[in-house]
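S.K.: For reference, this is model13.pdb, and it has PDB, C-alpha atoms.
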ATOM      1  CA  MET A   1       0.449  12.632 -72.000
ATOM      2  CA  THR A   2      -1.235  10.341 -74.444
ATOM      3  CA  VAL A   3      -0.291   6.668 -74.624
ATOM      4  CA  ARG A   4      -1.205   4.842 -77.818
ATOM      5  CA  ARG A   5      -0.396   1.682 -79.679
ATOM      6  CA  ASP A   6       1.080   2.121 -83.146
ATOM      7  CA  GLY A   7       1.636  -1.302 -84.714
ATOM      8  CA  ASP A   8       4.412  -3.017 -82.755
ATOM      9  CA  LEU A   9       5.166   0.143 -80.787
ATOM     10  CA  VAL A  10       3.735   1.926 -77.742
ATOM     11  CA  VAL A  11       4.049   5.701 -78.140
ATOM     12  CA  TRP A  12       3.952   8.427 -75.480
ATOM     13  CA  THR A  13       3.061  11.847 -76.945
ATOM     14  CA  ASP A  14       1.375  15.160 -76.185
ATOM     15  CA  TRP A  15       2.966  15.781 -72.800
ATOM     16  CA  ARG A  16       1.025  18.315 -70.702
ATOM     17  CA  ASP A  17       1.642  20.075 -67.414
ATOM     18  CA  PRO A  18      -1.091  22.607 -66.512
ATOM     19  CA  ALA A  19       1.243  24.254 -63.980
ATOM     20  CA  ASN A  20       3.967  24.775 -66.591
ATOM     21  CA  GLN A  21       2.686  25.761 -70.030
ATOM     22  CA  ASP A  22       6.242  25.623 -71.456
ATOM     23  CA  PHE A  23       6.576  21.948 -70.493
ATOM     24  CA  ASP A  24       7.736  19.950 -73.492
ATOM     25  CA  LEU A  25       9.140  16.457 -73.810
ATOM     26  CA  PRO A  26       9.915  14.518 -76.956
ATOM     27  CA  GLU A  27       7.784  11.642 -78.164
ATOM     28  CA  LEU A  28       8.907   8.346 -76.635
ATOM     29  CA  ARG A  29       8.584   4.983 -78.410
ATOM     30  CA  PHE A  30       8.883   1.484 -76.968
ATOM     31  CA  THR A  31       8.480  -1.920 -78.559
ATOM     32  CA  ALA A  32       5.154  -3.376 -77.453
ATOM     33  CA  GLY A  33       6.809  -6.522 -76.077
ATOM     34  CA  GLN A  34       9.307  -4.515 -74.015
ATOM     35  CA  TYR A  35       6.552  -2.237 -72.778
ATOM     36  CA  GLN A  36       4.271  -5.117 -71.729
ATOM     37  CA  ALA A  37       7.143  -6.879 -69.937
ATOM     38  CA  GLU A  38       7.959  -3.712 -67.991
ATOM     39  CA  VAL A  39       4.308  -3.130 -67.050
ATOM     40  CA  LEU A  40       4.074  -6.703 -65.732
ATOM     41  CA  ARG A  41       7.353  -6.317 -63.819
ATOM     42  CA  ALA A  42       6.145  -3.036 -62.265
ATOM     43  CA  GLU A  43       2.828  -4.614 -61.231
ATOM     44  CA  GLU A  44       4.702  -7.313 -59.312
ATOM     45  CA  ASP A  45       7.193  -4.944 -57.642
ATOM     46  CA  ARG A  46       6.029  -4.205 -54.105
ATOM     47  CA  GLY A  47       9.372  -2.887 -52.839
ATOM     48  CA  TRP A  48       7.820   0.534 -52.190
ATOM     49  CA  GLU A  49       5.017  -0.871 -50.021
ATOM     50  CA  TRP A  50       5.188  -0.489 -46.231
ATOM     51  CA  PRO A  51       3.778  -3.274 -43.962
ATOM     52  CA  ALA A  52       0.404  -1.597 -43.262
ATOM     53  CA  GLY A  53      -0.045  -0.865 -46.974
ATOM     54  CA  ALA A  54       0.638  -4.505 -47.797
ATOM     55  CA  VAL A  55      -1.753  -5.740 -45.099
ATOM     56  CA  ALA A  56      -4.493  -3.393 -46.354
ATOM     57  CA  ARG A  57      -4.042  -4.555 -49.966
ATOM     58  CA  LEU A  58      -3.979  -8.246 -49.033
ATOM     59  CA  LEU A  59      -6.907  -7.989 -46.618
ATOM     60  CA  GLU A  60      -9.063  -6.162 -49.159
ATOM     61  CA  ALA A  61      -8.228  -8.739 -51.842
ATOM     62  CA  GLY A  62      -9.022 -11.598 -49.465
ATOM     63  CA  LEU A  63     -12.342 -10.141 -48.335
ATOM     64  CA  ARG A  64     -13.401  -9.395 -51.926
ATOM     65  CA  ARG A  65     -12.398 -12.887 -53.056
ATOM     66  CA  ARG A  66     -14.450 -14.328 -50.207
ATOM     67  CA  GLY A  67     -17.543 -12.152 -50.578
ATOM     68  CA  ASP A  68     -19.745 -14.477 -48.529
ATOM     69  CA  GLY A  69     -17.666 -13.913 -45.395
ATOM     70  CA  LEU A  70     -19.355 -10.583 -44.673
ATOM     71  CA  ALA A  71     -22.671 -11.367 -46.388
ATOM     72  CA  ARG A  72     -23.982 -13.377 -43.449
ATOM     73  CA  TRP A  73     -23.845 -10.140 -41.409
ATOM     74  CA  ASP A  74     -25.602  -8.288 -44.262
ATOM     75  CA  CYS A  75     -22.427  -6.255 -44.822
ATOM     76  CA  GLU A  76     -20.251  -5.621 -47.839
ATOM     77  CA  LEU A  77     -16.745  -4.266 -48.029
ATOM     78  CA  GLU A  78     -16.402  -0.653 -49.073
ATOM     79  CA  GLY A  79     -12.636  -0.589 -48.743
ATOM     80  CA  VAL A  80      -9.467  -1.097 -46.737
ATOM     81  CA  TRP A  81      -6.758   1.537 -46.681
ATOM     82  CA  ALA A  82      -3.544   2.500 -45.003
ATOM     83  CA  SER A  83      -1.749   5.811 -44.735
ATOM     84  CA  ARG A  84       1.992   6.364 -44.573
ATOM     85  CA  ASN A  85       1.183   8.872 -41.814
ATOM     86  CA  GLU A  86      -0.176   5.974 -39.723
ATOM     87  CA  PRO A  87       2.229   3.114 -40.430
ATOM     88  CA  ASP A  88       0.967   0.985 -37.551
ATOM     89  CA  ARG A  89      -2.736   0.787 -38.485
ATOM     90  CA  ILE A  90      -5.217   0.204 -41.274
ATOM     91  CA  HIS A  91      -8.831   1.278 -41.726
ATOM     92  CA  VAL A  92     -11.634  -1.068 -42.790
ATOM     93  CA  VAL A  93     -14.977   0.297 -43.989
ATOM     94  CA  LEU A  94     -18.124  -1.823 -44.377
ATOM     95  CA  LEU A  95     -21.561  -0.958 -45.723
ATOM     96  CA  HIS A  96     -24.791  -2.251 -44.178
ATOM     97  CA  PRO A  97     -27.114  -3.481 -45.505
ATOM     98  CA  ARG A  98     -25.314  -4.959 -48.500
ATOM     99  CA  ASN A  99     -26.557  -4.822 -52.095
ATOM    100  CA  ARG A 100     -28.547  -1.642 -51.552
ATOM    101  CA  ALA A 101     -30.733  -1.723 -54.658
ATOM    102  CA  ASP A 102     -33.270   0.595 -53.007
ATOM    103  CA  ALA A 103     -31.538   3.958 -52.498
ATOM    104  CA  ASP A 104     -34.346   5.088 -50.171
ATOM    105  CA  ARG A 105     -33.587   2.401 -47.579
ATOM    106  CA  PRO A 106     -31.521   3.463 -44.553
ATOM    107  CA  TRP A 107     -27.877   2.442 -44.633
ATOM    108  CA  LEU A 108     -24.800   2.613 -42.461
ATOM    109  CA  GLN A 109     -21.089   2.821 -42.963
ATOM    110  CA  PHE A 110     -19.190   0.909 -40.286
ATOM    111  CA  GLY A 111     -15.502   1.523 -39.774
ATOM    112  CA  MET A 112     -12.721   0.149 -37.693
ATOM    113  CA  THR A 113      -9.096   1.003 -37.209
ATOM    114  CA  LEU A 114      -6.938  -2.063 -36.731
ATOM    115  CA  PRO A 115      -3.368  -2.217 -35.395
ATOM    116  CA  ILE A 116      -0.636  -3.525 -37.694
ATOM    117  CA  SER A 117       2.825  -4.739 -36.709
ATOM    118  CA  ALA A 118       6.014  -5.260 -38.688
ATOM    119  CA  ASP A 119       5.241  -9.015 -38.809
ATOM    120  CA  ASP A 120       4.618 -10.809 -42.103
ATOM    121  CA  PRO A 121       1.830  -8.884 -43.932
ATOM    122  CA  SER A 122       0.346 -12.075 -45.444
ATOM    123  CA  LYS A 123      -0.093 -13.697 -42.047
ATOM    124  CA  GLN A 124      -1.580 -10.516 -40.569
ATOM    125  CA  ALA A 125      -4.048 -10.199 -43.463
ATOM    126  CA  GLU A 126      -5.101 -13.845 -43.104
ATOM    127  CA  HIS A 127      -5.586 -13.410 -39.349
ATOM    128  CA  LEU A 128      -7.626 -10.213 -39.781
ATOM    129  CA  GLU A 129      -9.764 -11.741 -42.535
ATOM    130  CA  ALA A 130     -10.560 -14.715 -40.294
ATOM    131  CA  ARG A 131     -11.361 -12.384 -37.399
ATOM    132  CA  LEU A 132     -13.611 -10.117 -39.479
ATOM    133  CA  THR A 133     -15.601 -12.997 -40.938
ATOM    134  CA  ALA A 134     -15.849 -15.191 -37.806
ATOM    135  CA  SER A 135     -18.337 -12.981 -35.991
ATOM    136  CA  ASP A 136     -20.500  -9.962 -36.728
ATOM    137  CA  PRO A 137     -18.050  -7.099 -37.370
ATOM    138  CA  ARG A 138     -20.757  -4.544 -36.563
ATOM    139  CA  ALA A 139     -20.433  -5.548 -32.912
ATOM    140  CA  THR A 140     -16.925  -4.091 -32.692
ATOM    141  CA  ALA A 141     -16.997  -1.502 -35.485
ATOM    142  CA  GLU A 142     -18.116   2.107 -35.098
ATOM    143  CA  VAL A 143     -20.707   3.921 -37.151
ATOM    144  CA  TRP A 144     -18.698   6.235 -39.396
ATOM    145  CA  GLY A 145     -21.483   7.394 -41.680
ATOM    146  CA  GLY A 146     -24.744   6.539 -43.336
ATOM    147  CA  SER A 147     -28.156   7.922 -44.130
ATOM    148  CA  HIS A 148     -29.815  10.326 -41.714
ATOM    149  CA  ASP A 149     -32.558   7.788 -41.028
ATOM    150  CA  ALA A 150     -30.017   5.124 -40.053
ATOM    151  CA  GLU A 151     -31.341   4.963 -36.497
ATOM    152  CA  GLN A 152     -34.058   2.738 -38.023
ATOM    153  CA  LEU A 153     -31.319   0.112 -38.247
ATOM    154  CA  GLY A 154     -30.734   0.322 -34.500
ATOM    155  CA  TYR A 155     -27.671   2.568 -34.435
ATOM    156  CA  PRO A 156     -27.498   6.201 -33.277
ATOM    157  CA  TRP A 157     -27.069   9.060 -35.734
ATOM    158  CA  PRO A 158     -25.114  11.229 -36.225
ATOM    159  CA  PRO A 159     -21.873   9.459 -35.538
ATOM    160  CA  VAL A 160     -18.685  11.185 -34.469
ATOM    161  CA  ASP A 161     -16.105  11.272 -37.254
ATOM    162  CA  PRO A 162     -13.448   8.929 -35.797
ATOM    163  CA  LEU A 163     -10.709  10.302 -38.026
ATOM    164  CA  SER A 164     -11.196  13.874 -36.795
ATOM    165  CA  VAL A 165     -11.018  13.052 -33.080
TER     166      VAL A 165
END
Could I get this structure in the form of structure tokens?
M.R.:
Amino acid sequence: MTVRRDGDLVVWTDWRDPANQDFDLPELRFTAGQYQAEVLRAEEDRGWEWPAGAVARLLEAGLRRRGDGLARWDCELEGVWASRNEPDRIHVVLLHPRNRADADRPWLQFGMTLPISADDPSKQAEHLEARLTASDPRATAEVWGGSHDAEQLGYPWPPVDPLSV
């Protein structure tokens, strides 16, 4: 569909469904104020989020906000994610070295799978952030990927894909 602003209205038009060419819905119109209020409400609603998903979101936000926490280990955060298929763990992925301006330099992707409980997600995220930034995370992480000349950085290549084992 197409979403557009038309004066004081937000309009949804041109509905498409590639799997169903006969798909057709009428144009929908909302007042811009109503629409904005609902978007803000939806952004704040985390009722659908499971504990590991919340921990992953909060941990990633905390590590990005505190970029220097990983910089001293010459690492940067690639991402943190959780899967509903693994409700008791999250995955953290780091890149080393950070700020890779030279694409020809060797690089590594470090990953770790961390256990998550049903305890308060905020407290778990704070604890994990402190743990990941207190000491070199490369010491406990595994090599999950990188350039084929990564052994120049002192780590063996090729790594075993930890998610396929």
S.K.: Let me know the residues the PyMOL selection byres ((chain A and resi 118) around 9) catches in the file above, as a ChimeraX atom specification.
M.R.: /A:50-52,88,116-117,119-121
S.K.: Report, in Å with one decimal, the straight-line distance from atom CA of Arg72 of chain A to atom CA of Thr133 of chain A.
M.R.: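 Here the two named atoms are 8.8 Å from each other.
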S.K.: Tell me which residues come within 10 Å of (-25.6, -5.7, -42.7), as number ranges by chain, counting all atoms listed in the file in the file's coordinates.
M.R.: A: 70-76, 94-99, 107-110, 136-138, 153
S.K.: Excluding Val93 of chain A and its own-chain neighbours fewer than 2 positions away, which residues fall within 7 Å of it when counting all atoms listed in the file? Please give them as a count of residues only.
M.R.: 10
S.K.: Taking into account all atoms listed in the file, which residue in the set A:Gly69, A:Gly33, A:Leu9, A:Gln21 is nearest to Ala134 of chain A?
M.R.: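 Among the listed residues, A:Gly69 lies closest to Ala134 of chain A.
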S.K.: For atom CA of Met1 of chain A and atom CA of Arg16 of chain A, quote the distance in Å rounded to one decimal.
M.R.: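 Here the two named atoms are 5.9 Å from each other.
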S.K.: Could you please determine the separation between atom CA of Thr2 of chain A and atom CA of Leu28 of chain A in Å, to one decimal place?
M.R.: 10.6 Å
S.K.: If we count only C-alpha atoms and set the cut-off at 12 Å, which residues sit around Arg4 of chain A, ignoring sequence neighbours fewer than 3 positions away in its own chain? Please answer as a PyMOL selection string.
M.R.: chain A and resi 1+7-14+27-32+35
S.K.: Find the residues near Asp149 of chain A: any atom within 12 Å, counting only C-alpha atoms, skip ones fewer than 4 places away on the same chain, and give them as a list in words.
M.R.: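 The residues satisfying every condition are Asp104, Arg105, Pro106, Trp107, Leu108, Gly145, Leu153, Gly154, Tyr155, Pro156, Trp157 and Pro158 of chain A.
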S.K.: Using only C-alpha atoms, which of A:His148, A:Arg100, A:Arg41, A:Arg84 sits nearest Ala54 of chain A?
M.R.: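 Under the stated criterion, the closest residue is A:Arg84.
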S.K.: Residues near Leu59 of chain A, anyone? I mean within 8 Å using all atoms listed in the file, not counting same-chain ones fewer than 4 positions away, as an MDAnalysis selection string.
M.R.: chainID A and resid 55 63 80 125:126 128:129
